[in-house]
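Below is one structure, written out as structure tokens; the observations come after it.
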Amino acid sequence: MQMDVERVRPLIPNEAKKRLIQVVGAENYDDTKTGRLVYSYDATPQFQSLPDAVIAPRNTKEVAEIAKICNEYRIPIVPRGSGTNLCAGTCPVEGGIVLLFNHMNRILEIDEENLTATVQPGVVTLDLAKAVEEKGLFYPPDPGSMKISTIGGNISENSGGLRGLKYGVTRDYVLGLEVVLANGDVIRTGGKLAKDVAGYDLTRLFVGSEGTLGIVTEATLKLIPMPETKQTMLALYQDLEAAARSVSKIIANKIIPATLEFLDQPTLEVVEDFARIGLPTDVKAVLLIEQDGPKEVVERDMKKMADICRAEQAVSVQLARSEEEAEALRTARRTALSALARLKPTTILEDATVPRSEIAKMVKAINEIAEKYQLKICTFGHAGDGNLHPTCPTDARNREEMERVERAFEEIFAKAIELGGTITGEHGVGVMKAPYLEWKLGPAGIAAMKAVKQALDPNNIMNPGKVFAKSTRKRVVVTR
Amino acid sequence: MTTKIERALIQKAFQERMDEDELMNCMRCGFCLPSCPTYIESGQQEAQSPRGRIALMKAVVDGLIEPDEEVERALNLCLGCRACESVCPSGVRYGHLLEEARDIIAQHKKMPLPVRLIRKLVFAGLFPHQGRMRKATALLGWYQRSGLRTLARKTGLLRLLPASFRQMERVLPDVPTAKEMKNRPHRLNPDGTVKKRVAFFAGCLMDTMFMETNDATLRLLQLAGCEVIIPPSQGCCGALHGHGGEKEMAKELAKRNISAFEQLDVDYIVTNAGGCGAFLLEYDHLLKDDPEWRDRAEAFAAKIKDISEVLVELGFHQLPLRVAPQTITYQDSCHLRNVMKTAAAPRRLLRAIDGVEFREMNDADRCCGSAGIYNLVEPEMSMQILDHKMEMAKQTKATTIVTANPGCLLQMKLGIERAGLSGSVRAVHIVDLLLEAAEGAQATQGEERIRQTS
């Protein structure tokens with residue numbers, strides 16, 4: 001565990017503290033030990049580090065002032081939503097201040113003429129989805145933690161979700177941003193525009209930049225009309241790879257379902273243990289398949305997909321009888337990772353992603369690697385877009401096993417890249433995968449990214465220690 | 001204030017006593033956050049969330065922070081409603097962690113003398129002794145009936161009390177007399193054939209201040225076909241002690257209750273207060289380290305069932321039930337819902353009553369802020385939570401708010417007062433309403449019979 005890492009920087013000098021308090025008010029500046037401790041972590045196992053203070057600004061102007069002061073004193077800034085990310089992206093590994101957005105959590109506008117929503121970063125994803133749904137509109141990105149996560153966090157991590165393969169990810173719905181740069185400048189990118197080629201596409205640059213380039217203070221998001229109907233079904237398999245083959249077959253048959261999720265038996269067991277909705281636990285794997293759109297198209301696609309699943313030895317294909325049942329299935333799927341935490345004290349999960357044609361090979365490889373290192377690895381994920389979440393229930397106190405976990409995940413990464421994939425599909429690089437980024441990008445790719453970082457944040461105050469590895473030590477889960 | 005030595009002792013006790021596996025079981029996913037009333041009401045303060053509180057407990061165990069006032073404050077502000085457990089995919093038993101942490105702090109911290117005296121008076125002097133509970137209630141009855149209450153209210157004498165106590169005084173029920181509380185039944189036969197043989201857990205407050213509700217419960221059990229045994233040697237369940245950092249006392253009370261019930265050959269031990277029922281249900285956890293009592297506690301806990309579950313099982317909802325036409329909403333008792341997992345049965349019973357339009361309020365499963373004695377010790381947060389609750393209740397336009405726990409009932413009454421709805425909205429315990437409905441149906445049937453024969 002990383003804790004109170006050796007500080008390369010001094011704590012916040014008294015002067016800086018005074019000025020920061022002047023900006024946000026004493027009630028929004030917390031440097032008590034308790035206040036700092038509860039923002040020393042996110043949902044990533046094995047990472048914890050105390051910030052020096054926690055600040056909750058009330059508006060963009062305050063954020064800009066904070067950035068100026070921090071830039072002057074070289075104080076790191078870690079913007080944080082609800083702390084649900086899985087790459088230690090919001091763990092303040094180099095101290096500094098954690099920036100909260102609980103005062104900046106309003107939906108500013110839902111524009112029904114332009115089909116956009118303008119929001120502050122602290123809005124909870126599900127709240128936005130519900131608000132636009134009331135107007136017959138649809139905000140598709142639905143990360144697993146959408147009930148808790150914020151739009152600001154989603155944008156910074158470019159979060160994916162269950163609907164990624166048909167609707168894309170957060171990036172595909174961000175039209176414009178207001179961003180506070182490290183020097184305190186406030187810029188606006190994009191707008192309520194379907195077409196806009198005026199200069200570099202900075203919107204896309206900031207989406208997924210993990211808080212390392214600037215602080216998102218407002219976002220204009222794209223909405224689409226709500227699909228007319230939706231159907232949900234479960235395909236059950238006694239053979240893991242047959243399930244994975246079905247996924248590739250469905251895509252190859254030119255059907256793009258709204259959701260195509262994969263859960264293996266151990267995952268099914270723990271999810272059912274929590275949710276108690278009657279999930280099958282006597283099969284080796286299931287696919288959770290959804291299609292939405294006009295009724296005829298949905299019915300046709302569902303039938304075709306059911307046929308493909310049966311042809312690939314699905315032992316049963318069941319259609320959800322009601323929207324409640326479908327919702328229960330989706331909700332249950334979202335709990336998969338946390339439910340796996342029932343098995344062992346520590347839960348290490350990865351996010352390796354491959355082209356969807358390679359999904360069967362990847363599932364097979366994961367199982368072989370698990371066997372080789374004598375580990376239990378449960379796999380679930382967004383099979384339809386090639387994004388799997390192999391998860392290892394383990395115990396951080398068992399050093400020897402943790403070493404094996406380490407080696408197994410290294411091998412999984414290597415395999416993903418070999419198959420034309422990536423080290424992370426939707427969780428981000430953060431601290432956790434920084435040592436592996438070069439595997440994916442190569443030295444020239446890293447250099448290009450570092451040049452961007454250097455240009456926008458020359459003093460390296462924006463979420464330092466993330467994305468770029470400090471050393472060449474390749475560690476996934478074991479920090480020494 | 002804790003001294004440095006006290007903090008060191010508390011830290012050591014945390015390291016020795018806190019369940020490390022349970023602490024590690026929290027993988028910090030944050031799924032609990034939207035369910036936590038204090039997290040929401042505090043404007044998303046992580047320290048006021050289950051995830052934050054677990055992180056604090058773990059940090060004390062790990063030696064990263066001292067158990068200072070801030071930590072204590074965060075733990076004290078928790079309602080202990082355990083809504084987080086129901087939504088935790090990892091299955092973290094937060095309630096057990098909180099109980100242990102509070103017990104450690106209470107046992108090692110030297111509290112100010114008045115606090116110590118009050119704690120001793122209430123925890124050791126009053127609740128465990130049913131005779132004294134009766135005397136205290138009788139005293140309250142005398143206050144209510146003698147004209148002293150009118151005098152106290154008129155003269156402003158009550159203003160000497162803190163606001164939270166003053167409000168509570170207003171909503172206390174009219175209590176029974178000493179005489180009425182004296183002759184409690186020990187055994188009752190069912191109306192008709194015996195379908196089940198059950199024991200009734202009477203509770204301390206329920207059998208004194210809320211005696212009418214206990215009587216209604218017994219009557220419902222008879223109507224449903226239960227032979228009821230009420231062992232006289234039972235007493236307070238110990239929930240207040242357990243939640244308030246007096247675990248050892250709670251264990252003694254648990255043993256007394258287990259002894260009182262274990263020889264009875266009954267199908268269930270029936271409770272009518274979610275707070276008590278949940279604590280009884282976890283006697284096995286409370287006594288898990290006591291080899292002599294562990295198994296006995298398990299056997300006892302396995303028989304605990306809320307009255308609404310028993311009634312549904314015996315088909316009570318199929319009997320004729322009728323009240324005057326009214327809109328009803330139901331406020332879950334947190335411990336009934338989150339620990340006893342009873343949420344559907346009371347709703348099913350309410351929907352079965354003729355004349356009732358049942359309307360679910362938003363966030364019915366969120367704590368009302370009563371939480372044992374929380375509304376007395378943390379009035380500010382409690383009232384904030386309550387006012388939000390009343391907004392939700394108002395939206396349903398219900399004229400009757402039903403609950404299933406005495407604390408929630410008083411809190412609802414308080415909420416009605418605060419919202420200026422007294423006179424137009426009432427709060428009742430579910431068993432009182434069910435008895436009203438059963439008697440209402442009998443009365444109508446009687447009238448119809450008279451009409452037919454004339």
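Quick note on naming: the chains in the structure tokens go A, B, ... in the order shown, residues restart at 1 in each chain, and ligands are numbered from 1 in order of appearance.
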With the cut-off set at 9 Å and counting only C-alpha atoms, tabulate each residue of chain A with an atom at most that distance from an atom of chain B, showing the nearest atom pair and its distance in Å to one decimal, ordered by chain and increasing number, as CSV.
```
residue,atom,partner,partner_atom,distance
A:Met3,CA,B:Leu64,CA,8.7
A:Thr32,CA,B:Glu70,CA,8.1
A:Lys33,CA,B:Ile65,CA,7.0
A:Thr34,CA,B:Glu70,CA,6.1
A:Gly35,CA,B:Ala47,CA,6.8
A:Leu37,CA,B:Leu56,CA,7.1
A:Val38,CA,B:Gly52,CA,5.3
A:Tyr39,CA,B:Glu46,CA,7.4
A:Tyr41,CA,B:Arg28,CA,8.2
A:Asp42,CA,B:Arg28,CA,6.7
A:Ala43,CA,B:Arg28,CA,4.8
A:Thr44,CA,B:Arg28,CA,7.7
A:Pro45,CA,B:Met27,CA,6.8
A:Ser82,CA,B:Gly30,CA,7.6
A:Gly83,CA,B:Gly30,CA,7.5
A:Thr84,CA,B:Cys29,CA,5.6
A:Asn85,CA,B:Cys29,CA,8.2
A:Leu86,CA,B:Cys29,CA,8.8
A:Asn102,CA,B:Gln44,CA,6.4
A:His103,CA,B:Gly43,CA,8.0
A:Ser145,CA,B:Phe31,CA,7.4
A:Lys147,CA,B:Pro34,CA,7.5
A:Ile148,CA,B:Pro34,CA,6.6
A:Ser149,CA,B:Gly30,CA,8.8
A:Val270,CA,B:Pro89,CA,8.6
A:Val271,CA,B:Pro89,CA,7.6
A:Asp273,CA,B:Pro89,CA,8.9
A:Phe274,CA,B:Pro89,CA,5.8
A:Ala275,CA,B:Pro89,CA,7.9
A:Thr335,CA,B:Pro89,CA,6.0
A:Ala336,CA,B:Pro89,CA,7.8
A:Leu337,CA,B:Pro89,CA,8.3
A:Ser338,CA,B:Pro89,CA,5.2
A:Ala339,CA,B:Pro89,CA,4.4
A:Leu340,CA,B:Ser90,CA,6.8
A:Ala341,CA,B:Ser90,CA,5.1
A:Arg342,CA,B:Ser90,CA,4.7
A:Leu343,CA,B:Ser90,CA,8.4
A:Lys344,CA,B:Asn25,CA,7.3
A:Pro345,CA,B:Asn25,CA,4.9
A:Thr346,CA,B:Met24,CA,7.0
A:Thr347,CA,B:Met27,CA,7.3
```
Hey, what's within 10 Å of Ile97 (chain A) if we count only C-alpha atoms and toss same-chain stuff fewer than 4 positions away? As number ranges by chain, please?
A: 11-12, 29-31, 36, 39, 50-55, 66, 70, 75-79, 92, 463
What lies within 10 Å of Ile250 (chain A) using only C-alpha atoms, ignoring chain neighbours under 3 positions off, as a list of chain:residue names?
A:Arg245, A:Ser246, A:Val247, A:Asn253, A:Lys254, A:Ile255, A:Ile256, A:Pro257, A:Leu260, A:Asp301, A:Lys304, A:Met305, A:Ala306, A:Asp307, A:Ile308, A:Cys309, A:Gly384
